[in-house]
>>> print(open('start-v6.csv').read())   # CSV, C-alpha atoms
chain,number,residue,atom,x,y,z
A,45,MET,CA,-33.1,21.1,33.7
A,46,THR,CA,-33.5,17.4,33.0
A,47,PHE,CA,-31.3,14.7,34.5
A,48,LYS,CA,-29.7,14.0,31.1
A,49,GLU,CA,-29.0,17.8,30.5
A,50,LYS,CA,-27.3,18.0,33.9
A,51,VAL,CA,-25.2,15.0,33.2
A,52,CYS,CA,-24.2,16.3,29.7
A,53,GLY,CA,-23.2,19.7,31.2
A,54,LEU,CA,-21.1,18.0,34.0
A,55,LEU,CA,-19.4,15.8,31.4
A,56,GLU,CA,-18.7,18.7,29.1
A,57,ASP,CA,-17.1,20.6,32.1
A,58,GLY,CA,-15.0,17.5,32.9
A,59,LEU,CA,-13.8,17.1,29.3
A,60,LEU,CA,-12.9,20.8,29.1
A,61,GLU,CA,-10.3,20.2,31.8
A,62,LYS,CA,-8.8,17.3,29.8
A,63,PRO,CA,-8.7,18.5,26.2
A,64,THR,CA,-6.9,15.4,24.9
A,65,LEU,CA,-10.0,13.3,25.8
A,66,PHE,CA,-13.2,13.1,23.8
A,67,LEU,CA,-16.6,11.5,24.2
A,68,ILE,CA,-17.4,8.4,22.2
A,69,ASP,CA,-20.7,7.6,23.7
A,70,LEU,CA,-23.0,8.6,26.5
A,71,THR,CA,-26.0,6.4,27.5
A,72,ILE,CA,-28.4,7.1,30.3
A,73,THR,CA,-30.9,4.3,30.8
A,74,GLU,CA,-34.4,4.7,32.2
A,75,SER,CA,-33.1,3.3,35.6
A,76,PHE,CA,-30.6,6.2,35.7
A,77,LYS,CA,-27.5,4.1,34.8
A,78,ILE,CA,-25.0,6.5,33.2
A,79,ILE,CA,-22.5,4.9,30.9
A,80,VAL,CA,-19.7,7.2,29.5
A,81,THR,CA,-17.2,5.9,26.9
A,82,LEU,CA,-14.1,8.0,26.2
A,83,ASP,CA,-11.1,8.0,23.9
A,84,GLY,CA,-8.1,10.2,23.9
A,85,ASP,CA,-5.6,11.5,21.4
A,86,ASN,CA,-2.9,9.8,23.6
A,87,GLY,CA,-5.1,7.0,24.9
A,88,VAL,CA,-7.1,7.0,28.1
A,89,ALA,CA,-5.5,6.4,31.5
A,90,LEU,CA,-7.3,5.0,34.5
A,91,GLN,CA,-6.9,8.4,36.3
A,92,ASP,CA,-8.7,10.1,33.3
A,93,CYS,CA,-11.7,7.8,33.9
A,94,ILE,CA,-11.6,8.5,37.7
A,95,ASP,CA,-11.4,12.3,37.1
A,96,ILE,CA,-14.3,12.3,34.6
A,97,SER,CA,-16.3,10.1,36.9
A,98,ARG,CA,-15.7,12.4,39.9
A,99,SER,CA,-16.7,15.5,37.8
A,100,ILE,CA,-20.1,13.9,37.3
A,101,ASP,CA,-20.6,12.0,40.5
A,102,ASN,CA,-19.6,14.8,42.9
A,103,ASN,CA,-22.1,17.2,41.3
A,104,LEU,CA,-25.2,15.0,41.2
A,105,ASP,CA,-27.6,14.5,44.2
A,106,ARG,CA,-28.3,10.8,44.9
A,107,GLU,CA,-31.3,11.9,47.0
A,108,GLU,CA,-32.8,13.3,43.8
A,109,HIS,CA,-32.0,10.4,41.5
A,110,ASP,CA,-30.6,7.0,42.5
A,111,PHE,CA,-28.0,6.6,39.7
A,112,SER,CA,-25.1,4.4,38.9
A,113,LEU,CA,-22.1,5.6,36.9
A,114,GLU,CA,-19.7,3.8,34.7
A,115,VAL,CA,-16.8,5.6,32.9
A,116,ALA,CA,-14.6,3.6,30.6
A,117,SER,CA,-12.3,3.9,27.6
A,118,ALA,CA,-13.3,2.6,24.2
A,119,GLY,CA,-12.2,-1.0,23.9
A,120,VAL,CA,-9.4,-1.9,21.5
A,121,SER,CA,-11.9,-3.8,19.3
A,122,SER,CA,-14.5,-1.1,19.3
A,123,PRO,CA,-15.4,0.4,15.9
A,124,LEU,CA,-14.0,3.8,15.3
A,125,LYS,CA,-16.7,6.5,15.4
A,126,HIS,CA,-14.9,9.9,15.4
A,127,ILE,CA,-12.5,11.6,13.0
A,128,ARG,CA,-10.1,12.1,16.0
A,129,GLN,CA,-10.0,8.3,16.4
A,130,TYR,CA,-8.9,7.9,12.7
A,131,LYS,CA,-6.3,10.6,13.0
A,132,LYS,CA,-4.7,9.1,16.2
A,133,ASN,CA,-4.5,5.6,14.4
A,134,VAL,CA,-2.6,6.8,11.3
A,135,GLY,CA,0.1,4.2,10.6
A,136,ARG,CA,-1.9,1.3,12.0
A,137,ILE,CA,-3.7,-1.5,10.2
A,138,LEU,CA,-7.5,-1.0,9.9
A,139,GLN,CA,-10.3,-3.2,8.6
A,140,VAL,CA,-12.7,-0.8,6.8
A,141,GLU,CA,-16.1,-1.9,5.5
A,142,THR,CA,-18.1,0.1,3.0
A,143,ASP,CA,-21.2,-0.9,1.0
A,144,ASN,CA,-19.0,-2.5,-1.7
A,145,ILE,CA,-15.7,-3.6,-0.1
A,146,ILE,CA,-13.8,-4.7,2.9
A,147,ILE,CA,-10.2,-3.5,3.0
A,148,GLU,CA,-7.6,-4.5,5.6
A,149,ALA,CA,-4.7,-2.2,5.1
A,150,LYS,CA,-2.5,0.5,6.6
A,151,LEU,CA,-4.3,3.8,7.4
A,152,ALA,CA,-1.9,6.2,5.7
A,153,GLU,CA,-3.7,9.4,6.1
A,154,ALA,CA,-6.8,10.8,7.9
A,155,ASN,CA,-8.1,14.3,7.3
A,156,ASP,CA,-11.5,16.0,8.0
A,157,ASP,CA,-13.1,14.5,4.9
A,158,PHE,CA,-11.7,11.1,4.2
A,159,ILE,CA,-9.1,8.5,5.0
A,160,VAL,CA,-6.4,7.0,2.7
A,161,MET,CA,-5.6,3.3,2.9
A,162,GLU,CA,-2.4,1.8,1.4
A,163,TRP,CA,-1.4,-1.8,0.8
A,164,GLU,CA,0.6,-4.0,-1.6
A,165,ALA,CA,-1.1,-6.4,-4.0
A,166,ARG,CA,0.1,-9.1,-6.3
A,167,GLU,CA,-1.3,-8.6,-9.8
A,168,PRO,CA,-0.6,-10.0,-13.3
A,169,LYS,CA,2.2,-8.2,-15.1
A,170,LYS,CA,1.1,-5.8,-17.7
A,171,ILE,CA,3.6,-7.3,-20.2
A,172,GLY,CA,4.7,-10.9,-20.0
A,173,LYS,CA,3.8,-13.7,-17.7
A,174,GLY,CA,3.8,-13.9,-13.9
A,175,LYS,CA,2.8,-11.4,-11.2
A,176,GLU,CA,4.3,-8.3,-9.8
A,177,THR,CA,3.8,-6.5,-6.5
A,178,VAL,CA,2.0,-3.1,-6.9
A,179,GLN,CA,1.3,-0.4,-4.4
A,180,LYS,CA,-2.4,0.3,-3.9
A,181,ARG,CA,-3.9,3.5,-2.5
A,182,GLN,CA,-7.5,4.3,-1.9
A,183,GLU,CA,-9.3,7.3,-0.6
A,184,ILE,CA,-12.5,6.5,1.4
A,185,PRO,CA,-14.8,9.4,2.5
A,186,TYR,CA,-16.1,9.0,6.1
A,187,SER,CA,-19.7,9.1,4.7
A,188,GLU,CA,-19.0,5.7,3.0
A,189,ILE,CA,-17.5,3.9,6.0
A,190,LYS,CA,-20.0,1.5,7.5
A,191,LYS,CA,-17.5,0.1,10.1
A,192,ALA,CA,-13.8,0.5,10.8
A,193,ILE,CA,-11.8,-1.3,13.5
A,194,VAL,CA,-8.1,-1.3,14.4
A,195,ILE,CA,-6.4,-4.7,13.7
A,196,ILE,CA,-4.1,-5.7,16.5
A,197,ILE,CA,-1.0,-7.6,15.3
A,198,PHE,CA,1.0,-9.5,17.9
>>> encode(input="start-v6.csv", output="structure tokens")
Amino acid sequence: MTFKEKVCGLLEDGLLEKPTLFLIDLTITESFKIIVTLDGDNGVALQDCIDISRSIDNNLDREEHDFSLEVASAGVSSPLKHIRQYKKNVGRILQVETDNIIIEAKLAEANDDFIVMEWEAREPKKIGKGKETVQKRQEIPYSEIKKAIVIIIF
């Protein structure tokens, strides 16, 4: 069993004990630096990071490989990578980039195939002069999303 396979197995075991958490990224460098990035359906607490770190650290032999370990939550400005992240952010404002457009709007819905963005726009009236506010709604398949981040509004 390779070092990476062992780390992956220990990480999977740790995550099984915390089903609301999910893996965003796992990196193992050539110098055996292990970097684990997590997210959770209800966020990630410091204790969650500590528990996952222990599930890996306590089961690896430093005599065999001199490694370093870093377990952290996905940053607030990190791009969304998993469907679970979209689902937990329904109702928040996202900036979504595809090949053709960049939309900054409310994430109204997220299912297993696509997201639905909603926003208001000012457009010329169909009859007469002036503009009117119209509700816009667009479905975007995950396969078309190049980058999506949550916009934090203070």
>>> residues_around(input="start-v6.csv", residues="region 136-141 of chain A", least_positions_apart="6", cutoff="9 Å", atoms="all atoms listed in the file", output="short mmCIF file (atom, residue, chain, number, x, y, z; two decimals) with C-alpha atoms, in the coordinates of the input")
data_model
loop_
_atom_site.label_atom_id
_atom_site.label_comp_id
_atom_site.auth_asym_id
_atom_site.auth_seq_id
_atom_site.Cartn_x
_atom_site.Cartn_y
_atom_site.Cartn_z
CA ILE A 147 -10.20 -3.50 3.00
CA GLU A 148 -7.60 -4.50 5.60
CA ALA A 149 -4.70 -2.20 5.10
CA LYS A 150 -2.50 0.50 6.60
CA LEU A 151 -4.30 3.80 7.40
CA ALA A 152 -1.90 6.20 5.70
CA MET A 161 -5.60 3.30 2.90
CA GLU A 188 -19.00 5.70 3.00
CA ILE A 189 -17.50 3.90 6.00
CA LYS A 190 -20.00 1.50 7.50
CA LYS A 191 -17.50 0.10 10.10
CA ALA A 192 -13.80 0.50 10.80
CA ILE A 193 -11.80 -1.30 13.50
CA VAL A 194 -8.10 -1.30 14.40
CA ILE A 195 -6.40 -4.70 13.70
CA ILE A 196 -4.10 -5.70 16.50
CA ILE A 197 -1.00 -7.60 15.30
#
>>> residues_around(input="start-v6.csv", residues="Ala154 (chain A)", least_positions_apart="5", cutoff="7 Å", atoms="all atoms listed in the file", output="PyMOL selection string")
chain A and resi 130-131+134+159-160
>>> write_last_selection(input="start-v6.csv", atoms="C-alpha atoms", output="PDB file, in the coordinates of the input")
ATOM      1  CA  TYR A 130      -8.900   7.900  12.700  1.00  0.00           C
ATOM      2  CA  LYS A 131      -6.300  10.600  13.000  1.00  0.00           C
ATOM      3  CA  VAL A 134      -2.600   6.800  11.300  1.00  0.00           C
ATOM      4  CA  ILE A 159      -9.100   8.500   5.000  1.00  0.00           C
ATOM      5  CA  VAL A 160      -6.400   7.000   2.700  1.00  0.00           C
TER       6      VAL A 160
END
>>> residues_around(input="start-v6.csv", residues="Asp83 (chain A)", least_positions_apart="3", cutoff="7 Å", atoms="only C-alpha atoms", output="JSON, numbers by chain")
{"A": [65, 66, 67, 68, 87, 88, 117, 118]}
>>> atom_distance(input="start-v6.csv", atom1="CA of Thr64 (chain A)", atom2="CA of Cys93 (chain A)")
12.7 Å
>>> closest_residue(input="start-v6.csv", among="A:Ile100, A:His126, A:Asn144, A:Lys77", to="Ser112 (chain A)", atoms="only C-alpha atoms")
A:Lys77
>>> atom_distance(input="start-v6.csv", atom1="CA of Arg128 (chain A)", atom2="CA of Thr46 (chain A)")
29.4 Å
>>> residues_around(input="start-v6.csv", residues="region 51-59 of chain A", least_positions_apart="5", cutoff="12 Å", atoms="only C-alpha atoms", output="PDB file with C-alpha atoms, in the frame of the given file")
ATOM      1  CA  MET A  45     -33.100  21.100  33.700  1.00  0.00           C
ATOM      2  CA  THR A  46     -33.500  17.400  33.000  1.00  0.00           C
ATOM      3  CA  THR A  64      -6.900  15.400  24.900  1.00  0.00           C
ATOM      4  CA  LEU A  65     -10.000  13.300  25.800  1.00  0.00           C
ATOM      5  CA  PHE A  66     -13.200  13.100  23.800  1.00  0.00           C
ATOM      6  CA  LEU A  67     -16.600  11.500  24.200  1.00  0.00           C
ATOM      7  CA  ILE A  68     -17.400   8.400  22.200  1.00  0.00           C
ATOM      8  CA  ASP A  69     -20.700   7.600  23.700  1.00  0.00           C
ATOM      9  CA  LEU A  70     -23.000   8.600  26.500  1.00  0.00           C
ATOM     10  CA  THR A  71     -26.000   6.400  27.500  1.00  0.00           C
ATOM     11  CA  ILE A  72     -28.400   7.100  30.300  1.00  0.00           C
ATOM     12  CA  PHE A  76     -30.600   6.200  35.700  1.00  0.00           C
ATOM     13  CA  LYS A  77     -27.500   4.100  34.800  1.00  0.00           C
ATOM     14  CA  ILE A  78     -25.000   6.500  33.200  1.00  0.00           C
ATOM     15  CA  ILE A  79     -22.500   4.900  30.900  1.00  0.00           C
ATOM     16  CA  VAL A  80     -19.700   7.200  29.500  1.00  0.00           C
ATOM     17  CA  THR A  81     -17.200   5.900  26.900  1.00  0.00           C
ATOM     18  CA  LEU A  82     -14.100   8.000  26.200  1.00  0.00           C
ATOM     19  CA  ASP A  83     -11.100   8.000  23.900  1.00  0.00           C
ATOM     20  CA  GLY A  84      -8.100  10.200  23.900  1.00  0.00           C
ATOM     21  CA  ASP A  92      -8.700  10.100  33.300  1.00  0.00           C
ATOM     22  CA  CYS A  93     -11.700   7.800  33.900  1.00  0.00           C
ATOM     23  CA  ILE A  94     -11.600   8.500  37.700  1.00  0.00           C
ATOM     24  CA  ASP A  95     -11.400  12.300  37.100  1.00  0.00           C
ATOM     25  CA  ILE A  96     -14.300  12.300  34.600  1.00  0.00           C
ATOM     26  CA  SER A  97     -16.300  10.100  36.900  1.00  0.00           C
ATOM     27  CA  ARG A  98     -15.700  12.400  39.900  1.00  0.00           C
ATOM     28  CA  SER A  99     -16.700  15.500  37.800  1.00  0.00           C
ATOM     29  CA  ILE A 100     -20.100  13.900  37.300  1.00  0.00           C
ATOM     30  CA  ASP A 101     -20.600  12.000  40.500  1.00  0.00           C
ATOM     31  CA  ASN A 102     -19.600  14.800  42.900  1.00  0.00           C
ATOM     32  CA  ASN A 103     -22.100  17.200  41.300  1.00  0.00           C
ATOM     33  CA  LEU A 104     -25.200  15.000  41.200  1.00  0.00           C
ATOM     34  CA  ASP A 105     -27.600  14.500  44.200  1.00  0.00           C
ATOM     35  CA  HIS A 109     -32.000  10.400  41.500  1.00  0.00           C
ATOM     36  CA  PHE A 111     -28.000   6.600  39.700  1.00  0.00           C
ATOM     37  CA  LEU A 113     -22.100   5.600  36.900  1.00  0.00           C
ATOM     38  CA  VAL A 115     -16.800   5.600  32.900  1.00  0.00           C
TER      39      VAL A 115
END
>>> atom_distance(input="start-v6.csv", atom1="CA of Asn86 (chain A)", atom2="CA of Glu183 (chain A)")
25.2 Å
>>> closest_residue(input="start-v6.csv", among="A:Glu49, A:Asp85, A:Asp157, A:Asp110", to="Pro63 (chain A)", atoms="all atoms listed in the file")
A:Asp85
>>> closest_residue(input="start-v6.csv", among="A:Glu61, A:Glu114, A:Glu153, A:Glu107", to="Asn133 (chain A)", atoms="all atoms listed in the file")
A:Glu153
